[in-house]
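> Next comes query.csv, CSV, C-alpha atoms:
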chain,number,residue,atom,x,y,z
A,1,MET,CA,-76.4,57.8,55.0
A,2,VAL,CA,-77.0,54.8,52.7
A,3,THR,CA,-74.9,54.2,49.6
A,4,GLN,CA,-75.5,51.9,46.7
A,5,ARG,CA,-73.0,50.3,44.4
A,6,GLY,CA,-73.2,49.4,40.8
A,7,ARG,CA,-76.2,51.6,39.9
A,8,ARG,CA,-76.5,54.7,37.9
A,9,ASP,CA,-79.1,57.4,37.5
A,10,ALA,CA,-81.0,57.4,34.2
A,11,ALA,CA,-79.3,60.7,33.3
A,12,ASP,CA,-75.9,59.1,33.5
A,13,SER,CA,-76.9,56.2,31.1
A,14,PRO,CA,-77.8,57.5,27.7
A,15,GLY,CA,-80.2,55.4,25.8
A,16,ARG,CA,-81.5,53.6,28.8
A,17,ALA,CA,-85.1,54.0,30.0
A,18,PRO,CA,-85.3,55.4,33.4
A,19,ARG,CA,-85.6,52.8,36.2
A,20,ARG,CA,-88.8,52.7,38.1
A,21,PRO,CA,-88.2,53.6,41.7
A,22,ARG,CA,-88.4,50.8,44.2
A,23,ARG,CA,-91.1,50.8,46.8
A,24,SER,CA,-89.7,51.4,50.2
A,25,THR,CA,-90.8,49.0,52.9
A,26,ALA,CA,-90.6,49.5,56.6
A,27,PRO,CA,-87.9,47.4,58.3
A,28,ASP,CA,-89.0,44.5,60.4
A,29,ALA,CA,-87.6,43.7,63.9
A,30,ASP,CA,-84.8,41.7,62.4
A,31,ASN,CA,-83.6,44.6,60.3
A,32,ALA,CA,-83.8,47.3,63.0
A,33,PRO,CA,-80.2,47.8,64.2
A,34,THR,CA,-79.1,48.3,67.7
A,35,ALA,CA,-75.8,50.1,68.5
A,36,GLU,CA,-72.7,48.9,66.7
A,37,MET,CA,-71.4,45.7,68.3
A,38,PRO,CA,-68.0,44.2,67.4
A,39,ALA,CA,-68.2,40.7,65.9
A,40,VAL,CA,-66.0,38.2,67.6
A,41,PRO,CA,-62.9,36.8,65.9
A,42,ALA,CA,-62.2,33.1,65.9
A,43,ASP,CA,-59.4,31.6,67.9
A,44,ALA,CA,-55.8,31.3,66.7
A,45,ASP,CA,-56.4,28.4,64.3
A,46,GLY,CA,-59.4,30.0,62.7
A,47,ARG,CA,-62.0,27.5,63.7
A,48,ASN,CA,-65.7,27.8,62.6
A,49,GLY,CA,-64.6,29.2,59.2
A,50,ASP,CA,-63.2,32.5,60.6
A,51,ALA,CA,-60.0,34.2,59.8
A,52,PRO,CA,-57.9,34.6,62.9
A,53,GLU,CA,-57.9,38.4,62.6
A,54,ALA,CA,-60.7,40.5,64.0
A,55,VAL,CA,-63.9,40.5,62.1
A,56,ARG,CA,-65.3,43.8,61.0
A,57,ALA,CA,-67.8,45.3,63.3
A,58,LYS,CA,-71.4,44.7,62.5
A,59,SER,CA,-74.7,46.1,63.6
A,60,ILE,CA,-76.8,43.4,65.2
A,61,PRO,CA,-80.6,43.7,65.1
A,62,GLU,CA,-82.3,43.8,68.4
A,63,ALA,CA,-84.4,40.7,67.7
A,64,ALA,CA,-81.2,38.8,66.9
A,65,VAL,CA,-79.7,39.9,70.2
A,66,ALA,CA,-82.6,38.4,72.0
A,67,ARG,CA,-82.2,35.1,70.1
A,68,LEU,CA,-78.5,35.0,70.9
A,69,ALA,CA,-79.4,34.9,74.6
A,70,VAL,CA,-81.6,31.9,73.9
A,71,TYR,CA,-78.9,30.2,71.9
A,72,LEU,CA,-76.5,30.8,74.8
A,73,ARG,CA,-78.9,29.1,77.3
A,74,VAL,CA,-79.3,26.1,75.1
A,75,LEU,CA,-75.6,25.8,74.3
A,76,SER,CA,-74.7,26.1,77.9
A,77,GLY,CA,-77.0,23.2,78.7
A,78,MET,CA,-75.4,21.1,75.9
A,79,ARG,CA,-71.9,21.9,77.1
A,80,ASP,CA,-72.9,20.8,80.6
A,81,GLN,CA,-74.1,17.5,79.2
A,82,GLY,CA,-70.7,16.9,77.5
A,83,ALA,CA,-71.6,17.9,73.9
A,84,THR,CA,-68.7,19.2,71.9
A,85,THR,CA,-70.3,20.0,68.5
A,86,VAL,CA,-73.8,20.9,67.4
A,87,SER,CA,-75.4,21.2,64.0
A,88,SER,CA,-77.5,24.3,63.0
A,89,GLU,CA,-80.5,22.0,62.7
A,90,GLU,CA,-80.0,20.6,66.2
A,91,LEU,CA,-79.5,24.0,67.7
A,92,SER,CA,-82.3,25.7,65.8
A,93,GLN,CA,-84.8,22.9,66.9
A,94,ALA,CA,-83.7,23.3,70.6
A,95,ALA,CA,-84.0,27.1,70.4
A,96,GLY,CA,-87.3,27.1,68.5
A,97,VAL,CA,-86.2,29.0,65.4
A,98,ASN,CA,-85.6,27.9,61.8
A,99,SER,CA,-82.1,26.9,60.9
A,100,ALA,CA,-81.7,29.7,58.2
A,101,LYS,CA,-82.4,32.4,60.8
A,102,LEU,CA,-80.1,30.8,63.3
A,103,ARG,CA,-77.2,30.7,60.7
A,104,LYS,CA,-77.9,34.3,59.9
A,105,ASP,CA,-77.8,35.3,63.6
A,106,LEU,CA,-74.5,33.5,64.2
A,107,SER,CA,-73.0,35.1,61.1
A,108,TYR,CA,-73.2,38.4,63.0
A,109,LEU,CA,-70.6,36.9,65.3
A,110,GLY,CA,-68.4,35.8,62.4
A,111,SER,CA,-69.3,32.1,63.0
A,112,TYR,CA,-70.3,30.1,59.9
A,113,GLY,CA,-69.7,26.5,61.2
A,114,THR,CA,-68.0,23.7,59.4
A,115,ARG,CA,-69.8,21.6,56.7
A,116,GLY,CA,-70.4,18.1,58.0
A,117,VAL,CA,-69.3,19.1,61.6
A,118,GLY,CA,-71.4,22.1,62.6
A,119,TYR,CA,-70.4,24.4,65.4
A,120,GLU,CA,-68.0,23.8,68.3
A,121,VAL,CA,-70.2,24.3,71.4
A,122,SER,CA,-67.5,25.7,73.7
A,123,VAL,CA,-66.3,28.2,71.0
A,124,LEU,CA,-69.8,29.3,70.2
A,125,VAL,CA,-70.6,29.8,73.9
A,126,SER,CA,-67.5,32.0,74.3
A,127,GLN,CA,-68.4,34.0,71.2
A,128,ILE,CA,-71.9,34.7,72.3
A,129,GLU,CA,-70.8,35.5,75.9
A,130,ARG,CA,-68.3,38.0,74.5
A,131,ILE,CA,-70.8,39.7,72.2
A,132,LEU,CA,-73.4,40.0,75.0
A,133,GLY,CA,-70.9,41.5,77.3
A,134,LEU,CA,-70.9,38.6,79.7
A,135,THR,CA,-67.1,38.3,80.0
A,136,ARG,CA,-67.4,40.6,83.1
A,137,GLN,CA,-69.9,40.8,85.9
A,138,HIS,CA,-72.7,43.4,85.9
A,139,LYS,CA,-73.6,44.4,89.5
A,140,VAL,CA,-77.4,44.7,90.1
A,141,ALA,CA,-79.4,46.7,92.6
A,142,VAL,CA,-83.1,45.8,93.4
A,143,VAL,CA,-85.4,48.6,94.5
A,144,GLY,CA,-88.6,47.6,96.2
A,145,ILE,CA,-88.4,44.6,98.5
A,146,GLY,CA,-92.0,43.4,98.3
A,147,ASN,CA,-93.0,40.0,97.1
A,148,LEU,CA,-91.4,40.4,93.7
A,149,GLY,CA,-88.3,42.1,95.1
A,150,HIS,CA,-87.8,39.3,97.7
A,151,ALA,CA,-88.0,36.7,94.9
A,152,LEU,CA,-85.5,38.6,92.8
A,153,ALA,CA,-83.1,39.1,95.7
A,154,ASN,CA,-83.2,35.5,96.6
A,155,TYR,CA,-82.9,34.1,93.1
A,156,GLY,CA,-79.7,32.1,93.0
A,157,GLY,CA,-79.4,32.0,89.2
A,158,PHE,CA,-78.3,35.6,88.7
A,159,PRO,CA,-74.7,35.4,90.1
A,160,GLY,CA,-73.8,32.4,88.1
A,161,ARG,CA,-74.8,34.2,84.9
A,162,GLY,CA,-72.7,37.3,85.7
A,163,PHE,CA,-75.4,39.4,87.4
A,164,PRO,CA,-74.7,39.4,91.2
A,165,VAL,CA,-77.2,41.4,93.3
A,166,GLU,CA,-75.1,43.8,95.3
A,167,ALA,CA,-77.6,46.2,96.8
A,168,LEU,CA,-81.2,46.2,98.0
A,169,PHE,CA,-83.4,49.3,98.7
A,170,ASP,CA,-86.8,50.0,100.2
A,171,LEU,CA,-88.7,52.8,102.1
A,172,ASP,CA,-90.3,50.5,104.7
A,173,ALA,CA,-88.6,51.3,108.1
A,174,ASP,CA,-89.3,47.7,109.2
A,175,LEU,CA,-87.1,46.4,106.3
A,176,ILE,CA,-84.1,48.7,106.6
A,177,GLY,CA,-81.1,46.8,107.8
A,178,VAL,CA,-82.9,43.4,107.5
A,179,PRO,CA,-80.9,40.9,105.4
A,180,VAL,CA,-82.7,39.5,102.3
A,181,GLY,CA,-80.7,36.9,100.3
A,182,GLY,CA,-77.7,37.7,102.5
A,183,LEU,CA,-77.8,41.5,101.8
A,184,PRO,CA,-79.1,44.2,104.2
A,185,VAL,CA,-81.8,46.4,102.9
A,186,SER,CA,-80.8,50.1,102.6
A,187,HIS,CA,-83.0,53.2,102.4
A,188,MET,CA,-84.0,54.5,99.0
A,189,ASP,CA,-82.4,57.9,99.9
A,190,ASP,CA,-79.0,56.1,99.8
A,191,ILE,CA,-79.4,54.8,96.3
A,192,PRO,CA,-77.1,57.4,94.5
A,193,ARG,CA,-74.3,57.0,97.1
A,194,ILE,CA,-74.4,53.2,97.4
A,195,CYS,CA,-74.8,52.6,93.7
A,196,ALA,CA,-71.8,54.8,93.0
A,197,GLU,CA,-69.7,53.2,95.7
A,198,ARG,CA,-70.4,49.6,94.6
A,199,GLY,CA,-70.3,50.2,90.9
A,200,ILE,CA,-73.9,49.2,90.2
A,201,SER,CA,-74.6,49.1,86.5
A,202,ILE,CA,-78.1,47.6,86.4
A,203,GLY,CA,-81.0,48.7,88.5
A,204,VAL,CA,-84.2,46.7,88.9
A,205,ILE,CA,-87.4,48.6,89.8
A,206,ALA,CA,-90.0,46.5,91.6
A,207,THR,CA,-91.9,49.4,93.3
A,208,PRO,CA,-95.5,50.7,92.9
A,209,PRO,CA,-95.8,52.9,89.8
A,210,THR,CA,-96.1,56.1,91.9
A,211,ALA,CA,-92.5,55.6,93.1
A,212,ALA,CA,-90.9,54.3,89.9
A,213,GLN,CA,-89.8,57.6,88.4
A,214,SER,CA,-88.3,58.9,91.6
A,215,VAL,CA,-86.4,55.6,92.0
A,216,CYS,CA,-85.3,55.8,88.4
A,217,ASP,CA,-83.9,59.3,88.9
A,218,ARG,CA,-81.9,58.1,92.0
A,219,LEU,CA,-80.5,55.2,90.1
A,220,VAL,CA,-79.4,57.4,87.2
A,221,ALA,CA,-77.8,59.8,89.7
A,222,GLY,CA,-75.8,56.8,91.1
A,223,GLY,CA,-74.3,56.0,87.7
A,224,VAL,CA,-76.6,53.1,86.8
A,225,GLN,CA,-76.6,52.6,83.0
A,226,CYS,CA,-79.4,50.1,82.5
A,227,ILE,CA,-82.8,49.7,84.2
A,228,LEU,CA,-85.2,46.8,84.2
A,229,ASN,CA,-88.6,48.2,85.1
A,230,PHE,CA,-91.4,46.0,86.5
A,231,ALA,CA,-93.6,49.0,87.4
A,232,PRO,CA,-96.4,49.6,84.9
A,233,VAL,CA,-95.3,53.1,84.0
A,234,VAL,CA,-93.2,54.7,81.3
A,235,LEU,CA,-90.0,56.1,82.7
A,236,GLN,CA,-88.4,59.4,81.6
A,237,VAL,CA,-84.6,58.8,81.3
A,238,PRO,CA,-81.6,60.5,79.6
A,239,ALA,CA,-80.8,59.3,76.1
A,240,HIS,CA,-77.8,57.2,77.3
A,241,ILE,CA,-79.8,55.1,79.7
A,242,GLU,CA,-81.2,51.8,78.5
A,243,VAL,CA,-84.6,50.8,79.9
A,244,ARG,CA,-86.3,47.5,79.5
A,245,LYS,CA,-89.9,47.1,80.7
A,246,VAL,CA,-91.6,44.0,81.9
A,247,ASP,CA,-95.4,44.3,82.2
A,248,LEU,CA,-96.8,41.0,83.4
A,249,ALA,CA,-100.4,42.2,83.1
A,250,VAL,CA,-99.9,43.1,79.4
A,251,GLU,CA,-98.3,39.7,78.7
A,252,LEU,CA,-101.3,37.9,80.4
A,253,GLN,CA,-103.6,40.0,78.2
A,254,ILE,CA,-101.7,38.9,75.1
A,255,LEU,CA,-102.0,35.3,76.2
A,256,SER,CA,-105.7,35.8,76.7
A,257,PHE,CA,-106.0,37.0,73.1
A,258,HIS,CA,-104.3,33.9,71.8
A,259,VAL,CA,-106.6,31.6,73.9
A,260,ALA,CA,-109.7,33.5,72.7
A,261,ARG,CA,-108.5,33.3,69.1
A,262,ARG,CA,-107.8,29.6,69.2
A,263,ALA,CA,-111.2,29.0,70.8
A,264,ASP,CA,-112.8,31.0,67.9
A,265,ASP,CA,-110.8,29.0,65.4
A,266,ALA,CA,-111.9,25.7,67.0
A,267,ALA,CA,-115.5,26.8,66.9
A,268,GLY,CA,-115.2,27.7,63.2
A,269,ASP,CA,-113.6,24.4,62.4
A,270,GLN,CA,-116.5,22.4,63.7
A,271,GLY,CA,-118.5,21.1,60.8
A,272,ASN,CA,-115.8,21.8,58.2
A,273,SER,CA,-114.4,18.5,56.8
A,274,GLY,CA,-110.8,18.2,56.1
A,275,LEU,CA,-109.7,20.8,58.6
A,276,ARG,CA,-107.9,20.2,61.9
A,277,GLY,CA,-110.0,19.2,64.8
A,278,PRO,CA,-111.2,21.4,67.6
A,279,GLY,CA,-108.5,22.7,69.9
A,280,ALA,CA,-105.6,21.6,67.7
A,281,PRO,CA,-102.8,24.1,68.0
A,282,SER,CA,-101.7,25.9,64.8
A,283,GLU,CA,-98.2,25.5,63.6
A,284,ASN,CA,-95.7,28.3,62.8
A,285,GLY,CA,-94.2,26.6,59.8
A,286,ASN,CA,-91.2,24.7,61.3
A,287,GLY,CA,-93.1,22.1,63.3
A,288,ARG,CA,-93.5,24.2,66.5
A,289,ARG,CA,-96.6,25.6,68.1
A,290,ASN,CA,-97.2,29.3,67.8
A,291,GLY,CA,-95.7,31.1,70.7
A,292,SER,CA,-93.4,28.2,71.7
A,293,GLY,CA,-90.1,29.9,70.6
A,294,PRO,CA,-88.5,33.3,70.7
A,295,ASP,CA,-90.1,34.2,67.3
A,296,GLY,CA,-93.5,32.7,68.2
A,297,GLY,CA,-94.8,35.3,70.6
A,298,ARG,CA,-94.6,39.0,71.4
A,299,GLU,CA,-91.5,40.1,73.3
A,300,MET,CA,-91.9,40.8,77.0
A,301,VAL,CA,-89.7,43.9,77.0
A,302,VAL,CA,-89.9,47.2,75.2
A,303,ARG,CA,-87.8,50.3,75.2
A,304,SER,CA,-89.2,53.1,77.3
Show how you would write the structure in this file as structure tokens.

Amino acid sequence: MVTQRGRRDAADSPGRAPRRPRRSTAPDADNAPTAEMPAVPADADGRNGDAPEAVRAKSIPEAAVARLAVYLRVLSGMRDQGATTVSSEELSQAAGVNSAKLRKDLSYLGSYGTRGVGYEVSVLVSQIERILGLTRQHKVAVVGIGNLGHALANYGGFPGRGFPVEALFDLDADLIGVPVGGLPVSHMDDIPRICAERGISIGVIATPPTAAQSVCDRLVAGGVQCILNFAPVVLQVPAHIEVRKVDLAVELQILSFHVARRADDAAGDQGNSGLRGPGAPSENGNGRRNGSGPDGGREMVVRS
């Protein structure tokens, strides 16, 4: 239910002409809320402009959540290089978004920065990690130990970011019991039991599409709450399960479209004086090439 303040109906305001109704517009990705997430309070001395008490919970748009993850990656790199503060302009340029959007995204956390100083890098990293649920580890299971599954199981970047791979599954009898990335591969029939025993919260499906739904059902039965699906199929899941889909073929097709469009633009520019030369990339308005930042291209993941 949406409420409005400071407005009356025409019937309640004698002598006033009725107001013309406003046209409703469909919300964009930045206004589509996800589930309620608590904003993060500042530390005891109220740095970054926050009061020390807890900030009222806010609903963070899904597009903003994706950008927060990008900010966290950039800030973590800055912190590792010894940076203590960062301005919104510096952070927005490194993340590939405009500074106004960045400030709005960080305001969902209750962070507004300090004029002339900017944001404290360590505080901002802590806030974003807390809002993204990264203050505790999320155990991961990979199902389907083919080429992609092998790569995911052996990737060393997951544990350091709070996503340790704790279980591997496959149907191939030659793989069962064989260690991959230090973990033995288990049979798919054991998914519900092992996931429940090890407290797996995220399942990664890297199987052929024909097996994906069956694997998904087993993961759900084992208590897995979130699924990252690489199989090119739409999964049927209960309402409380979050599914993110990665379809590499679709992403390549989208890139193909951009290549073809730029080729058409370049061909159209030939012979037109005063326009950019053939092959020059178009700009997105803040000095970056289209598709170079989190707002420049289509998102890879969609909700099933």
> For stretch 156-269 of chain A against stretch 114-137 of chain A, with a cut-off of 9 Å and counting all atoms listed in the file, what is the closest atom pair and its distance in Å to one decimal for every residue that makes the cut, ordered by chain and number, as CSV?

residue,atom,partner,partner_atom,distance
A:Pro159,CA,A:Gln137,CA,8.4
A:Arg161,CA,A:Leu134,CA,7.8
A:Gly162,CA,A:Gln137,CA,4.5
A:Phe163,CA,A:Gln137,CA,5.9
A:Pro164,CA,A:Gln137,CA,7.3
> Quote the spacing between atom CA of A:Leu109 and atom CA of A:Val140 in Å to one decimal place.
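One can read the atom CA of A:Leu109 to atom CA of A:Val140 distance as 26.9 Å.
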> In Å, with one decimal, what is the gap from atom CA of A:Leu235 to atom CA of A:Ala212?
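Between atom CA of A:Leu235 and atom CA of A:Ala212 the gap is 7.5 Å.
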> Extract, using only C-alpha atoms, all DNA, RNA and protein residues at most 7 Å from A:Glu242, discarding same-chain residues fewer than 4 positions from it, and format them as a PyMOL selection string.
chain A and resi 225-227
> Would you output that residue set with C-alpha atoms, as a PDB file, in the frame of the given file?

ATOM      1  CA  GLN A 225     -76.600  52.600  83.000  1.00  0.00           C
ATOM      2  CA  CYS A 226     -79.400  50.100  82.500  1.00  0.00           C
ATOM      3  CA  ILE A 227     -82.800  49.700  84.200  1.00  0.00           C
TER       4      ILE A 227
END
> How far is it from atom CA of A:Glu62 to atom CA of A:Ser92, in Å with one decimal?
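Calculated distance between atom CA of A:Glu62 and atom CA of A:Ser92 is 18.3 Å.
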> Please determine, counting all atoms listed in the file, which residue among A:Pro61, A:Leu68, A:Asn154, A:Ala83 has the shortest atom-to-atom distance to A:Pro179.
A:Asn154
> Please identify all polymer residues within 8 Å of A:Glu89, counting all atoms listed in the file, omitting same-chain residues fewer than 4 positions from it, and present them as a list in words.
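Neighbouring residues, sequence-local ones excluded: Gln93, Asn98 and Ser99 of chain A.
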> Report as a list in words all protein, DNA and RNA residues lying within 7 Å of A:Asp170, evaluated on only C-alpha atoms, omitting residues in the same chain fewer than 3 positions from it.
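My reading of the contact set: Val143, Gly144, Ile145, Val185, Ser186, His187 and Met188 of chain A.
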> For A:Ile205, find every residue with an atom within 10 Å (counting all atoms listed in the file), except residues of its own chain fewer than 6 positions away, and show them as JSON, numbers by chain.
{"A": [141, 142, 143, 144, 145, 148, 149, 169, 211, 212, 213, 215, 216, 219, 227, 228, 229, 230, 231, 245]}
> Let me make sure I understand: among A:Val178, A:His138, A:Gln236, A:Leu255, which one has the smallest atom-to-atom distance to A:Gly199 if we use all atoms listed in the file?
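Looking at the shortest contact to A:Gly199, the residue is A:His138.
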> Can you save stretch 47-151 of chain A of the given block to a file, including C-alpha atoms and formatted as a short mmCIF file (atom, residue, chain, number, x, y, z; two decimals), in the first residue's frame?

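Contents of out.cif, as written:
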data_model
loop_
_atom_site.label_atom_id
_atom_site.label_comp_id
_atom_site.auth_asym_id
_atom_site.auth_seq_id
_atom_site.Cartn_x
_atom_site.Cartn_y
_atom_site.Cartn_z
CA ARG A 47 31.69 8.69 11.09
CA ASN A 48 30.56 9.20 7.49
CA GLY A 49 27.73 11.46 8.67
CA ASP A 50 25.65 8.75 10.39
CA ALA A 51 24.12 8.84 13.80
CA PRO A 52 25.51 6.04 15.99
CA GLU A 53 22.09 4.45 16.40
CA ALA A 54 20.78 1.94 13.90
CA VAL A 55 19.54 3.41 10.65
CA ARG A 56 15.98 2.62 9.65
CA ALA A 57 15.68 -0.38 7.37
CA LYS A 58 15.47 0.44 3.69
CA SER A 59 14.54 -1.47 0.58
CA ILE A 60 17.52 -1.66 -1.76
CA PRO A 61 16.84 -1.98 -5.52
CA GLU A 62 18.30 -5.04 -7.18
CA ALA A 63 20.38 -2.96 -9.58
CA ALA A 64 21.90 -1.11 -6.63
CA VAL A 65 22.77 -4.41 -4.93
CA ALA A 66 24.73 -5.45 -8.04
CA ARG A 67 26.62 -2.15 -8.01
CA LEU A 68 27.42 -2.50 -4.31
CA ALA A 69 29.28 -5.69 -5.14
CA VAL A 70 31.31 -3.76 -7.73
CA TYR A 71 32.07 -1.00 -5.22
CA LEU A 72 33.23 -3.62 -2.73
CA ARG A 73 35.67 -5.11 -5.22
CA VAL A 74 37.09 -1.69 -6.05
CA LEU A 75 37.30 -0.59 -2.41
CA SER A 76 38.99 -3.83 -1.36
CA GLY A 77 41.68 -3.21 -3.96
CA MET A 78 42.13 0.36 -2.74
CA ARG A 79 42.41 -0.82 0.86
CA ASP A 80 45.03 -3.40 -0.12
CA GLN A 81 47.04 -0.61 -1.72
CA GLY A 82 46.97 1.44 1.49
CA ALA A 83 44.21 3.95 0.68
CA THR A 84 42.36 5.30 3.72
CA THR A 85 39.83 7.66 2.13
CA VAL A 86 38.22 7.95 -1.28
CA SER A 87 36.02 10.61 -2.85
CA SER A 88 32.76 9.79 -4.61
CA GLU A 89 34.30 10.96 -7.89
CA GLU A 90 37.30 8.65 -7.53
CA LEU A 91 35.16 5.67 -6.56
CA SER A 92 32.57 6.28 -9.26
CA GLN A 93 35.24 6.53 -11.94
CA ALA A 94 36.88 3.30 -10.78
CA ALA A 95 33.51 1.52 -10.66
CA GLY A 96 32.23 2.86 -13.99
CA VAL A 97 29.13 4.70 -12.72
CA ASN A 98 28.32 8.38 -12.33
CA SER A 99 28.97 9.95 -8.94
CA ALA A 100 25.34 10.90 -8.31
CA LYS A 101 24.21 7.28 -8.69
CA LEU A 102 27.06 6.09 -6.47
CA ARG A 103 26.10 8.52 -3.71
CA LYS A 104 22.50 7.37 -3.94
CA ASP A 105 23.56 3.71 -3.74
CA LEU A 106 25.70 4.36 -0.66
CA SER A 107 22.88 6.30 0.98
CA TYR A 108 20.95 3.02 1.24
CA LEU A 109 23.64 1.96 3.70
CA GLY A 110 23.35 5.18 5.67
CA SER A 111 26.70 6.44 4.33
CA TYR A 112 26.83 10.02 3.12
CA GLY A 113 30.55 10.78 3.30
CA THR A 114 32.22 13.88 4.69
CA ARG A 115 32.53 17.04 2.63
CA GLY A 116 36.12 17.63 1.62
CA VAL A 117 37.18 14.19 2.86
CA GLY A 118 34.96 11.62 1.15
CA TYR A 119 34.45 8.11 2.49
CA GLU A 120 36.65 6.11 4.82
CA VAL A 121 37.62 3.05 2.79
CA SER A 122 37.74 0.55 5.67
CA VAL A 123 34.40 1.70 7.09
CA LEU A 124 32.73 1.55 3.68
CA VAL A 125 34.12 -1.94 3.02
CA SER A 126 32.72 -3.09 6.37
CA GLN A 127 29.32 -1.57 5.65
CA ILE A 128 28.99 -3.12 2.22
CA GLU A 129 30.17 -6.52 3.45
CA ARG A 130 27.55 -6.41 6.18
CA ILE A 131 24.72 -5.37 3.86
CA LEU A 132 25.68 -8.11 1.36
CA GLY A 133 25.76 -10.74 4.10
CA LEU A 134 29.49 -11.33 3.78
CA THR A 135 30.23 -11.21 7.50
CA ARG A 136 29.76 -15.00 7.56
CA GLN A 137 30.73 -17.70 5.12
CA HIS A 138 28.30 -19.28 2.66
CA LYS A 139 29.20 -22.88 1.88
CA VAL A 140 28.96 -23.84 -1.78
CA ALA A 141 28.28 -27.12 -3.57
CA VAL A 142 29.16 -27.59 -7.26
CA VAL A 143 27.13 -30.14 -9.20
CA GLY A 144 28.48 -31.35 -12.54
CA ILE A 145 32.26 -31.78 -12.59
CA GLY A 146 32.87 -31.29 -16.29
CA ASN A 147 35.16 -28.61 -17.69
CA LEU A 148 33.19 -25.77 -16.09
CA GLY A 149 32.70 -27.65 -12.83
CA HIS A 150 36.42 -28.40 -12.63
CA ALA A 151 37.24 -24.74 -13.15
#
